[in-house]
Amino acid sequence: MALAVGMRVLTRSLLRPWVRGPGATPGRTGPVAGGGDCVRCFGSPRVLVEPDPAAGFAVMKMRNPPVNSLSLEFLTEMLISLEKLESDKAFHAIIITSDCPGIFSAGLDLKEMCGRDPTHYAEYWKAVQELWLRFYLSHLVVISAINGVSPAGGCLLALSSDYRVLADNPKYAIGLNETLLGIVAPFWFKDTLVNTVGHRVAERALQLGLLFPPAEALRVGMVDQVVPEDQVQSAARSVLAQWLAIPGHARQLTKTLMRKPTADRLLKERDADIQNFVRFISRDAIQKALRTYLEKLKQKKS
Amino acid sequence: MALAVGMRVLTRSLLRPWVRGPGATPGRTGPVAGGGDCVRCFGSPRVLVEPDPAAGFAVMKMRNPPVNSLSLEFLTEMLISLEKLESDKAFHAIIITSDCPGIFSAGLDLKEMCGRDPTHYAEYWKAVQELWLRFYLSHLVVISAINGVSPAGGCLLALSSDYRVLADNPKYAIGLNETLLGIVAPFWFKDTLVNTVGHRVAERALQLGLLFPPAEALRVGMVDQVVPEDQVQSAARSVLAQWLAIPGHARQLTKTLMRKPTADRLLKERDADIQNFVRFISRDAIQKALRTYLEKLKQKKS
Amino acid sequence: MALAVGMRVLTRSLLRPWVRGPGATPGRTGPVAGGGDCVRCFGSPRVLVEPDPAAGFAVMKMRNPPVNSLSLEFLTEMLISLEKLESDKAFHAIIITSDCPGIFSAGLDLKEMCGRDPTHYAEYWKAVQELWLRFYLSHLVVISAINGVSPAGGCLLALSSDYRVLADNPKYAIGLNETLLGIVAPFWFKDTLVNTVGHRVAERALQLGLLFPPAEALRVGMVDQVVPEDQVQSAARSVLAQWLAIPGHARQLTKTLMRKPTADRLLKERDADIQNFVRFISRDAIQKALRTYLEKLKQKKS
C-alpha cells in the first residue's frame, strides 16, 4: 500500500491542467459526446478527457503519438484523469479510445526499460501495476473503443475494461504477444487473460504470442463486439447505456466480487513482482536485446 | 455443521405427509413417469413427488403458486422431499420441474426478507444455503426440466442440477439478475455461475443482471439443451437414461470431485455468510426498497 | 521429490539401447521427418524415436501392441525417450503419435493393477504420475498427432501436450471415460481436463465418461484441430513450425507460468495420491471387477 500511496503523490505532483477549447486541434476531434462544445474538456498533454456529465460519462482519448506507448508520464496522466473522474460524482463511466490513427496502444514503453537504473525500473513497473489495478477495479464502468492495433500492454489495458468494442479492420489485431519479443507476460497479465478467454485459449495465445484479428478476437472472447470502423465510438456509447441502467452500487459490488480475488494476487506480492521485473530487465542479455530492438525501430522511422 | 444439523431437525419437524390419489387435481398432472397411476405419489403441500422406483427416479414438481417463490416453508419441503428420496435406495435421480404455468421459480421470497427480525433472516438464509448445498452435492442425478422463467434464486436452483433442459419459449429467460433489484449475488451464487458459463460470461451477466432467452442461454452454456415446450419433460427423461447407465458410485464420486471445492468455500464461512446477509438485509435502505417493491407487486396483482 | 529421483534411477536402469536401421520392420514406418533415412532413429522396444535434429524435433512413435496400453515398462521407456530428447540441445519439440493402427493409446494397463502387491501398485502409480508431470511440464513443445481412439490415460497423454491434432475418423473418440469402468479419474486428470475444456464441459464429460468423436472433440476444445486421417502427421508438422518460431526461453517460461500451479497440486500431495490409489485398487470389489474385465477381454480376443 505504501507503494500505491507514493504513486498517487507522484501522479498529483505531475498534474498539468490542460484546458482545450473547441477547434484547438482542428480536424482531430469531432463533436463531444452528448453534443457538448468541448468547453468542459480537460486533461493533460497526453490524455484528452471529453466529459459529458449530463450523460454521466467521459471519453478518455489517448494521444501519446505516434503509438500511445505507455511511458511513465503517459501512465501517470492516465491515472490522474481516471482519479479525477472517479472522484466526481457526476461520472459513472468512461470510454477509453485512441487519438492516434491506427493504433489503440502499443503497450509498455521499451525506452523506460532500457539504459536506466534499477530505481527507475522499479518506479516504472509500480506505475504499470497501478494502471492495471486502478482500471481493473475502477468503480466506473470502463468501455474500450478499440480503434487500432492493441498488442501487449495495449491489450492489457483493453482487458482491464468491462466491455470491449473492436473496429473491424484486419490490421487491428489484439493480444498479449510478449513471447515474440522474448519476454514473458507477468502472472497478472496472464490471470486477466485467463479470466477473459479461459485457460486453454490463454495458454496457447500466450505461448505463441498470438495477435487475434477482429473475427478471431470475437470468437475466442478477447473482445465482446466487432463493428465497422466508423461505428466504434457510437457502439461504445450504445453499450454504455445498458451498463448505466443498472443500479450503480450493486453493479460496483458485483464487479469487486468478480475481480478482487485476481487483483489481490498482485496486491499480496506487489513488491516481489517489482523486484522480479527489475532483476529481469537489468540482465545484460535483455538490455542488449532491447537496445537492438530500439535501434531497429529508429532506423525504420528514418 | 451444527447449522446443517439444526436445519435438518427443523425440516423433519415440519414434515407433513401428503398423499395424493390420481385425479386429485384433475388436468394438472399427466400420467406419471413409467406409466404409474400416481398411487405412490407423495410430497408436501408445495412439493409433489411422483416417484417411479422401477425406473429409479422421481419427478419433483414445485407448486408454490403463483410463482414458486422460495419461501422458508417451500424450501423446507423441498429439502424434506430430497432427503426422503436420497435415503431410499430405489432412487438414483430426480427431475425438478414446475407445476406453476409459465414460471420455473421466481427465486427467493422477498417477503421472508422484509419486516422480520434478524433471527428470522438468519434462519431463512440458512435454509437457502442448505437448498444449494444439498442439491448441488446430492448423490442423486438432478435434472432440471425448466418449463418457465427462471430468475435469481430460480436460476441458482437450476444451476445446482447436473443437467438443464429449457423450454424454447422466448419468455422463459434464465439468469442471476440480482443487480437489477439493487442487490448483489452471494459469492457462492457467483461461483456456481462461473463453474457453469466461465468467468467472463459470468462477470458480464452478473454486472448487468442478464436474463438469457433460450437460444442465448444455450449458446453461453447456461442450459444444456433447448427443446419445444411440449417436449421438456420427455427430453429430461431421455437424458436421465444416459446418466442412469453410468455406474452410480463412480459417478457420485466424480460429482464430488468436481463440486466439493466450490461447496467447501461456503461451508468454511457459512456463519459469516449468514451474518453478512442479515446485516445487509436489515439496512433501512434495503428494507425500504423491498417494501416499495412488494407494494408495487401487490398493486399490480389487484 | 525423493520419489521422482527414485523413478529416474529406475528408468535409467531399464534403458535398453535400441538401434534400428531402415527396413528393419518393413512397411511399418515411412520415411522419417525431414527426409532422413532413419539411420539416426533410436528408441526402445516400445518407443521408436525418429529424430530430425536439423529441423529441431523428433517423432515419438508408440508401439506397444495391440493397443499401446501404458504398462510400467512402456511408461518407463517413454520417459527415457523424453529425457534423452530433453537433454539434447538439438531438440525443441516432439510429435507423439501411434504406431498401432486405429488406436492412439488405450490408457493405463489394467494388468498392472490386478493381482499384484501394494508395492507394485505404488511403483506403477508413481510412473503414471511421472509421465504426466514430465510431459505436461516438458520444456519441449509437445504435439499430439492423434491417429486412433484415445480413452482414459490415452486421453490424459494427449491433454498433456501443447497442441492436439486428431484424425477425422468417427471411431477415433477421445475422452476421460473412467466412470464407465466404475472408477474415478484422479484429481490431476480432472484438473488437466478442466484447464483444457473448462469446468462445465469437464463436469459433464467426467460424470458420463464421455468419449468425444472428432467434430464434438473440436467443438468443446478437447482437440485443437481435426484433419483427414492421411494428413495428421503433416498437419502436426505444420503446426510445429509455428511453435518453433517463438523464442524458446520465453515460450518455456510461459508454459511454466500456465501449468506449474496445476502440477504443484499433485507435487504437494504426491505420496498421498499414491496411497489413495493403492488403497482403492487393493479393494476386493475392484480387484474382482478388474479380473472379470480382463477375462472378458481375453475371451474376446480368442
# chains A, B, ... in the order shown; residues from 1 in each chain; ligands from 1
$ closest_atom_pairs --of "chain B" --to "chain C" --cutoff "8 Å" --atoms "only C-alpha atoms" --output "Markdown table"
| residue | atom | partner | partner_atom | distance |
| --- | --- | --- | --- | --- |
| B:Asp162 | CA | C:Arg204 | CA | 7.6 |
| B:Asn195 | CA | C:His199 | CA | 5.5 |
| B:Thr196 | CA | C:Arg200 | CA | 5.0 |
| B:Val197 | CA | C:Arg200 | CA | 7.1 |
| B:Gly198 | CA | C:Gly198 | CA | 7.3 |
| B:Gln242 | CA | C:Leu208 | CA | 7.7 |
| B:Trp243 | CA | C:Leu208 | CA | 6.4 |
| B:Ile246 | CA | C:Leu180 | CA | 6.0 |
| B:Pro247 | CA | C:Gly182 | CA | 5.5 |
| B:Gly248 | CA | C:Gly182 | CA | 8.0 |
| B:His249 | CA | C:Gly182 | CA | 7.2 |
| B:Ala250 | CA | C:Gly182 | CA | 5.1 |
| B:Arg251 | CA | C:Gln207 | CA | 5.1 |
| B:Gln252 | CA | C:Gln207 | CA | 7.8 |
| B:Leu253 | CA | C:Val184 | CA | 6.8 |
| B:Thr254 | CA | C:Gln207 | CA | 5.8 |
| B:Lys255 | CA | C:Gln207 | CA | 6.4 |
| B:Leu257 | CA | C:Phe187 | CA | 7.1 |
| B:Met258 | CA | C:Glu203 | CA | 6.2 |
$ write_last_selection --atoms "all heavy atoms" --output "compact mmCIF listing (two decimals), in the first residue's frame"
# COMPACT_ATOMS: atom_id res chain seq x y z
N ASP B 162 -27.49 -31.28 -12.38
CA ASP B 162 -26.44 -31.87 -13.21
C ASP B 162 -26.66 -31.57 -14.69
O ASP B 162 -25.72 -31.65 -15.49
CB ASP B 162 -26.39 -33.38 -12.99
CG ASP B 162 -25.96 -33.73 -11.59
OD1 ASP B 162 -24.83 -33.35 -11.23
OD2 ASP B 162 -26.75 -34.33 -10.84
N ASN B 195 -18.63 -21.64 -12.61
CA ASN B 195 -18.42 -23.06 -12.94
C ASN B 195 -19.22 -23.48 -14.17
O ASN B 195 -18.83 -24.40 -14.88
CB ASN B 195 -18.83 -23.95 -11.76
CG ASN B 195 -17.79 -23.93 -10.64
OD1 ASN B 195 -16.71 -23.38 -10.81
ND2 ASN B 195 -18.13 -24.53 -9.52
N THR B 196 -20.34 -22.81 -14.39
CA THR B 196 -21.22 -23.22 -15.48
C THR B 196 -20.90 -22.53 -16.80
O THR B 196 -20.84 -23.17 -17.85
CB THR B 196 -22.70 -22.95 -15.11
OG1 THR B 196 -22.95 -23.50 -13.81
CG2 THR B 196 -23.64 -23.59 -16.12
N VAL B 197 -20.69 -21.21 -16.77
CA VAL B 197 -20.53 -20.47 -18.03
C VAL B 197 -19.15 -19.84 -18.19
O VAL B 197 -18.88 -19.18 -19.19
CB VAL B 197 -21.61 -19.37 -18.18
CG1 VAL B 197 -23.00 -19.98 -18.18
CG2 VAL B 197 -21.48 -18.31 -17.08
N GLY B 198 -18.28 -20.01 -17.20
CA GLY B 198 -16.95 -19.41 -17.28
C GLY B 198 -16.91 -18.02 -16.69
O GLY B 198 -17.94 -17.38 -16.45
N GLN B 242 -29.34 -41.68 -19.97
CA GLN B 242 -27.90 -41.67 -20.20
C GLN B 242 -27.14 -41.62 -18.86
O GLN B 242 -26.14 -42.32 -18.68
CB GLN B 242 -27.56 -40.42 -21.04
CG GLN B 242 -26.13 -40.41 -21.59
CD GLN B 242 -25.78 -39.06 -22.23
OE1 GLN B 242 -26.52 -38.09 -22.16
NE2 GLN B 242 -24.61 -39.02 -22.86
N TRP B 243 -27.63 -40.80 -17.95
CA TRP B 243 -26.96 -40.67 -16.64
C TRP B 243 -27.12 -41.95 -15.82
O TRP B 243 -26.18 -42.36 -15.13
CB TRP B 243 -27.54 -39.47 -15.87
CG TRP B 243 -27.13 -38.16 -16.46
CD1 TRP B 243 -27.64 -37.57 -17.58
CD2 TRP B 243 -26.10 -37.28 -15.99
NE1 TRP B 243 -26.99 -36.37 -17.82
CE2 TRP B 243 -26.05 -36.17 -16.86
CE3 TRP B 243 -25.23 -37.31 -14.91
CZ2 TRP B 243 -25.16 -35.10 -16.69
CZ3 TRP B 243 -24.34 -36.25 -14.73
CH2 TRP B 243 -24.32 -35.17 -15.62
N ILE B 246 -24.64 -44.96 -16.06
CA ILE B 246 -23.28 -44.89 -15.52
C ILE B 246 -23.22 -45.54 -14.14
O ILE B 246 -24.12 -45.32 -13.33
CB ILE B 246 -22.85 -43.41 -15.37
CG1 ILE B 246 -23.05 -42.65 -16.69
CG2 ILE B 246 -21.42 -43.29 -14.88
CD1 ILE B 246 -22.24 -43.18 -17.83
N PRO B 247 -22.19 -46.35 -13.87
CA PRO B 247 -22.05 -46.93 -12.53
C PRO B 247 -22.18 -45.83 -11.47
O PRO B 247 -21.43 -44.84 -11.48
CB PRO B 247 -20.64 -47.51 -12.54
CG PRO B 247 -20.37 -47.85 -13.98
CD PRO B 247 -21.10 -46.78 -14.76
N GLY B 248 -23.16 -46.01 -10.56
CA GLY B 248 -23.55 -44.94 -9.65
C GLY B 248 -22.44 -44.44 -8.74
O GLY B 248 -22.26 -43.23 -8.58
N HIS B 249 -21.69 -45.35 -8.16
CA HIS B 249 -20.71 -44.94 -7.17
C HIS B 249 -19.61 -44.08 -7.82
O HIS B 249 -19.23 -43.05 -7.28
CB HIS B 249 -20.10 -46.18 -6.52
CG HIS B 249 -19.31 -45.88 -5.29
ND1 HIS B 249 -19.86 -45.27 -4.18
CD2 HIS B 249 -18.00 -46.08 -5.01
CE1 HIS B 249 -18.91 -45.12 -3.27
NE2 HIS B 249 -17.78 -45.59 -3.73
N ALA B 250 -19.14 -44.51 -8.97
CA ALA B 250 -18.09 -43.75 -9.66
C ALA B 250 -18.61 -42.38 -10.08
O ALA B 250 -17.91 -41.37 -9.98
CB ALA B 250 -17.60 -44.53 -10.88
N ARG B 251 -19.87 -42.34 -10.54
CA ARG B 251 -20.45 -41.07 -10.96
C ARG B 251 -20.58 -40.11 -9.79
O ARG B 251 -20.27 -38.92 -9.90
CB ARG B 251 -21.83 -41.31 -11.58
CG ARG B 251 -22.39 -40.12 -12.35
CD ARG B 251 -23.89 -40.23 -12.53
NE ARG B 251 -24.59 -40.49 -11.30
CZ ARG B 251 -24.75 -39.64 -10.30
NH1 ARG B 251 -24.26 -38.42 -10.38
NH2 ARG B 251 -25.39 -39.99 -9.20
N GLN B 252 -21.02 -40.63 -8.64
CA GLN B 252 -21.18 -39.78 -7.45
C GLN B 252 -19.83 -39.23 -6.97
O GLN B 252 -19.73 -38.06 -6.62
CB GLN B 252 -21.82 -40.59 -6.32
CG GLN B 252 -23.29 -40.88 -6.54
CD GLN B 252 -23.76 -42.07 -5.73
OE1 GLN B 252 -23.15 -42.45 -4.74
NE2 GLN B 252 -24.86 -42.68 -6.15
N LEU B 253 -18.82 -40.09 -6.94
CA LEU B 253 -17.50 -39.63 -6.50
C LEU B 253 -16.96 -38.58 -7.46
O LEU B 253 -16.28 -37.63 -7.05
CB LEU B 253 -16.53 -40.82 -6.41
CG LEU B 253 -16.78 -41.78 -5.25
CD1 LEU B 253 -15.85 -42.99 -5.34
CD2 LEU B 253 -16.59 -41.07 -3.90
N THR B 254 -17.26 -38.75 -8.74
CA THR B 254 -16.80 -37.78 -9.74
C THR B 254 -17.50 -36.43 -9.54
O THR B 254 -16.89 -35.37 -9.65
CB THR B 254 -17.08 -38.32 -11.16
OG1 THR B 254 -16.41 -39.57 -11.30
CG2 THR B 254 -16.55 -37.36 -12.21
N LYS B 255 -18.80 -36.50 -9.22
CA LYS B 255 -19.53 -35.26 -8.94
C LYS B 255 -18.93 -34.55 -7.73
O LYS B 255 -18.74 -33.33 -7.76
CB LYS B 255 -21.01 -35.61 -8.68
CG LYS B 255 -21.92 -34.43 -8.46
CD LYS B 255 -23.38 -34.87 -8.46
CE LYS B 255 -24.35 -33.75 -8.14
NZ LYS B 255 -25.77 -34.21 -8.26
N LEU B 257 -15.87 -34.83 -6.67
CA LEU B 257 -14.56 -34.33 -7.09
C LEU B 257 -14.69 -32.96 -7.77
O LEU B 257 -13.89 -32.05 -7.55
CB LEU B 257 -13.95 -35.34 -8.08
CG LEU B 257 -12.58 -35.02 -8.68
CD1 LEU B 257 -11.49 -35.15 -7.63
CD2 LEU B 257 -12.27 -35.95 -9.86
N MET B 258 -15.71 -32.80 -8.60
CA MET B 258 -15.91 -31.55 -9.33
C MET B 258 -16.47 -30.44 -8.45
O MET B 258 -16.13 -29.27 -8.61
CB MET B 258 -16.88 -31.77 -10.50
CG MET B 258 -16.37 -32.61 -11.64
SD MET B 258 -14.85 -32.01 -12.43
CE MET B 258 -15.33 -30.37 -12.99
$ select_by_dssp --residues "region 61-195 of chain B" --states "strand (DSSP E or B)" --output "ChimeraX atom specification"
/B:61-62,69-70,93-98,102-103,107-108,141-146,148-151,163-167,174-175
$ write_last_selection --atoms "C-alpha atoms" --output "CSV table (one decimal), in the first residue's frame"
chain,number,residue,atom,x,y,z
B,61,LYS,CA,-43.0,-30.8,-9.0
B,62,MET,CA,-42.8,-27.4,-7.4
B,69,SER,CA,-41.2,-18.2,-4.6
B,70,LEU,CA,-38.7,-19.9,-2.4
B,93,ALA,CA,-32.2,-39.5,-9.9
B,94,ILE,CA,-34.8,-36.7,-9.8
B,95,ILE,CA,-36.3,-34.4,-12.3
B,96,ILE,CA,-37.2,-30.9,-10.9
B,97,THR,CA,-39.9,-29.1,-12.7
B,98,SER,CA,-42.6,-26.6,-12.1
B,102,GLY,CA,-45.0,-20.1,-17.2
B,103,ILE,CA,-42.6,-20.0,-14.3
B,107,GLY,CA,-36.4,-17.2,-6.7
B,108,LEU,CA,-36.0,-16.1,-3.1
B,141,VAL,CA,-28.6,-37.2,-10.5
B,142,VAL,CA,-30.6,-34.0,-10.7
B,143,ILE,CA,-32.1,-32.9,-14.0
B,144,SER,CA,-33.9,-29.5,-14.3
B,145,ALA,CA,-36.8,-29.5,-16.7
B,146,ILE,CA,-37.1,-25.7,-16.9
B,148,GLY,CA,-40.9,-21.3,-17.3
B,149,VAL,CA,-38.9,-18.1,-16.5
B,150,SER,CA,-36.1,-18.7,-14.0
B,151,PRO,CA,-34.6,-15.6,-12.5
B,163,TYR,CA,-28.2,-31.0,-16.5
B,164,ARG,CA,-30.6,-28.4,-17.6
B,165,VAL,CA,-33.3,-28.7,-20.3
B,166,LEU,CA,-35.1,-25.4,-21.1
B,167,ALA,CA,-38.4,-25.0,-23.0
B,174,ILE,CA,-32.9,-17.5,-17.1
B,175,GLY,CA,-30.2,-15.7,-15.2
$ residues_around --residues "Val226 (chain C)" --least-positions-apart "3" --cutoff "12 Å" --atoms "only C-alpha atoms" --output "tab-separated table (two decimals) with N, CA, C and O atoms, in the first residue's frame"
chain	number	residue	atom	x	y	z
C	144	SER	N	0.51	-33.65	-30.09
C	144	SER	CA	-0.05	-35.00	-30.25
C	144	SER	C	-0.67	-35.13	-31.63
C	144	SER	O	-1.56	-34.35	-31.99
C	145	ALA	N	-0.20	-36.11	-32.39
C	145	ALA	CA	-0.82	-36.46	-33.67
C	145	ALA	C	-1.67	-37.69	-33.38
C	145	ALA	O	-1.18	-38.82	-33.41
C	146	ILE	N	-2.94	-37.45	-33.09
C	146	ILE	CA	-3.80	-38.50	-32.54
C	146	ILE	C	-4.43	-39.28	-33.70
C	146	ILE	O	-5.41	-38.85	-34.31
C	147	ASN	N	-3.83	-40.44	-33.97
C	147	ASN	CA	-4.24	-41.24	-35.12
C	147	ASN	C	-4.98	-42.50	-34.69
C	147	ASN	O	-4.78	-43.57	-35.25
C	163	TYR	N	-0.53	-29.11	-28.03
C	163	TYR	CA	-1.44	-28.96	-29.17
C	163	TYR	C	-1.86	-30.36	-29.61
C	163	TYR	O	-1.06	-31.28	-29.61
C	164	ARG	N	-3.10	-30.50	-30.00
C	164	ARG	CA	-3.65	-31.80	-30.38
C	164	ARG	C	-4.27	-31.76	-31.77
C	164	ARG	O	-5.17	-30.98	-32.03
C	165	VAL	N	-3.77	-32.62	-32.65
C	165	VAL	CA	-4.35	-32.80	-33.98
C	165	VAL	C	-5.00	-34.18	-34.00
C	165	VAL	O	-4.35	-35.17	-33.68
C	166	LEU	N	-6.28	-34.25	-34.35
C	166	LEU	CA	-7.00	-35.53	-34.34
C	166	LEU	C	-7.43	-35.92	-35.75
C	166	LEU	O	-7.91	-35.07	-36.52
C	167	ALA	N	-7.23	-37.18	-36.09
C	167	ALA	CA	-7.67	-37.70	-37.39
C	167	ALA	C	-9.20	-37.74	-37.44
C	167	ALA	O	-9.84	-38.16	-36.49
C	168	ASP	N	-9.75	-37.31	-38.57
C	168	ASP	CA	-11.21	-37.22	-38.71
C	168	ASP	C	-11.81	-38.58	-39.06
C	168	ASP	O	-12.22	-38.83	-40.19
C	169	ASN	N	-11.84	-39.44	-38.07
C	169	ASN	CA	-12.42	-40.78	-38.22
C	169	ASN	C	-13.39	-40.96	-37.05
C	169	ASN	O	-12.99	-40.82	-35.90
C	170	PRO	N	-14.66	-41.23	-37.36
C	170	PRO	CA	-15.66	-41.26	-36.29
C	170	PRO	C	-15.35	-42.28	-35.19
C	170	PRO	O	-15.86	-42.16	-34.07
C	172	TYR	N	-12.45	-42.61	-33.85
C	172	TYR	CA	-11.35	-42.12	-33.01
C	172	TYR	C	-11.83	-41.17	-31.92
C	172	TYR	O	-11.41	-40.02	-31.84
C	173	ALA	N	-12.70	-41.67	-31.07
C	173	ALA	CA	-13.20	-40.83	-29.99
C	173	ALA	C	-12.12	-40.64	-28.93
C	173	ALA	O	-11.21	-41.44	-28.79
C	213	PRO	N	-16.38	-37.91	-30.33
C	213	PRO	CA	-15.93	-38.11	-31.72
C	213	PRO	C	-15.33	-36.80	-32.23
C	213	PRO	O	-15.54	-35.74	-31.63
C	214	PRO	N	-14.57	-36.88	-33.35
C	214	PRO	CA	-13.76	-35.71	-33.77
C	214	PRO	C	-14.48	-34.36	-33.78
C	214	PRO	O	-13.98	-33.41	-33.16
C	215	ALA	N	-15.63	-34.26	-34.44
C	215	ALA	CA	-16.27	-32.95	-34.56
C	215	ALA	C	-16.62	-32.38	-33.19
C	215	ALA	O	-16.42	-31.20	-32.90
C	216	GLU	N	-17.12	-33.27	-32.34
C	216	GLU	CA	-17.51	-32.87	-30.99
C	216	GLU	C	-16.26	-32.50	-30.16
C	216	GLU	O	-16.28	-31.52	-29.41
C	217	ALA	N	-15.20	-33.29	-30.32
C	217	ALA	CA	-13.96	-33.02	-29.60
C	217	ALA	C	-13.41	-31.63	-29.95
C	217	ALA	O	-12.91	-30.90	-29.10
C	218	LEU	N	-13.55	-31.28	-31.22
C	218	LEU	CA	-13.09	-29.96	-31.67
C	218	LEU	C	-13.98	-28.86	-31.09
C	218	LEU	O	-13.50	-27.83	-30.63
C	219	ARG	N	-15.28	-29.11	-31.10
C	219	ARG	CA	-16.23	-28.11	-30.63
C	219	ARG	C	-16.02	-27.76	-29.16
C	219	ARG	O	-16.07	-26.59	-28.77
C	221	GLY	N	-13.26	-28.23	-27.50
C	221	GLY	CA	-11.88	-27.83	-27.24
C	221	GLY	C	-11.00	-28.96	-26.71
C	221	GLY	O	-9.89	-28.71	-26.24
C	222	MET	N	-11.49	-30.18	-26.79
C	222	MET	CA	-10.68	-31.32	-26.35
C	222	MET	C	-9.48	-31.50	-27.28
C	222	MET	O	-8.41	-31.95	-26.84
C	223	VAL	N	-9.65	-31.19	-28.56
C	223	VAL	CA	-8.53	-31.14	-29.51
C	223	VAL	C	-8.55	-29.78	-30.20
C	223	VAL	O	-9.55	-29.07	-30.17
C	229	GLU	N	-7.58	-38.23	-42.15
C	229	GLU	CA	-6.69	-39.18	-41.47
C	229	GLU	C	-5.28	-39.20	-42.08
C	229	GLU	O	-4.30	-39.31	-41.35
C	230	ASP	N	-5.19	-39.06	-43.41
C	230	ASP	CA	-3.85	-39.16	-44.02
C	230	ASP	C	-3.05	-37.86	-43.88
C	230	ASP	O	-1.93	-37.77	-44.38
C	231	GLN	N	-3.65	-36.85	-43.22
C	231	GLN	CA	-2.91	-35.59	-43.07
C	231	GLN	C	-2.53	-35.29	-41.61
C	231	GLN	O	-2.04	-34.19	-41.31
C	232	VAL	N	-2.74	-36.26	-40.72
C	232	VAL	CA	-2.47	-35.99	-39.31
C	232	VAL	C	-1.01	-35.65	-39.08
C	232	VAL	O	-0.69	-34.67	-38.40
C	233	GLN	N	-0.12	-36.45	-39.66
C	233	GLN	CA	1.31	-36.22	-39.41
C	233	GLN	C	1.77	-34.90	-40.04
C	233	GLN	O	2.52	-34.15	-39.41
C	235	ALA	N	-0.06	-32.29	-40.73
C	235	ALA	CA	-0.66	-31.16	-40.00
C	235	ALA	C	0.11	-30.89	-38.71
C	235	ALA	O	0.35	-29.73	-38.35
C	236	ALA	N	0.50	-31.95	-38.03
C	236	ALA	CA	1.28	-31.79	-36.79
C	236	ALA	C	2.60	-31.08	-37.09
C	236	ALA	O	3.03	-30.19	-36.34
$ residues_around --residues "region 273-288 of chain C" --least-positions-apart "6" --cutoff "7 Å" --atoms "only C-alpha atoms" --output "list of chain:residue names"
C:Met113, C:Cys114, C:Pro118, C:Tyr121, C:Ala122, C:Trp125, C:Lys126
$ select_by_dssp --residues "region 99-195 of chain C" --states "alpha helix (DSSP H)" --output "VMD selection string"
chain C and resid 118 to 137 152 to 159 187 to 195
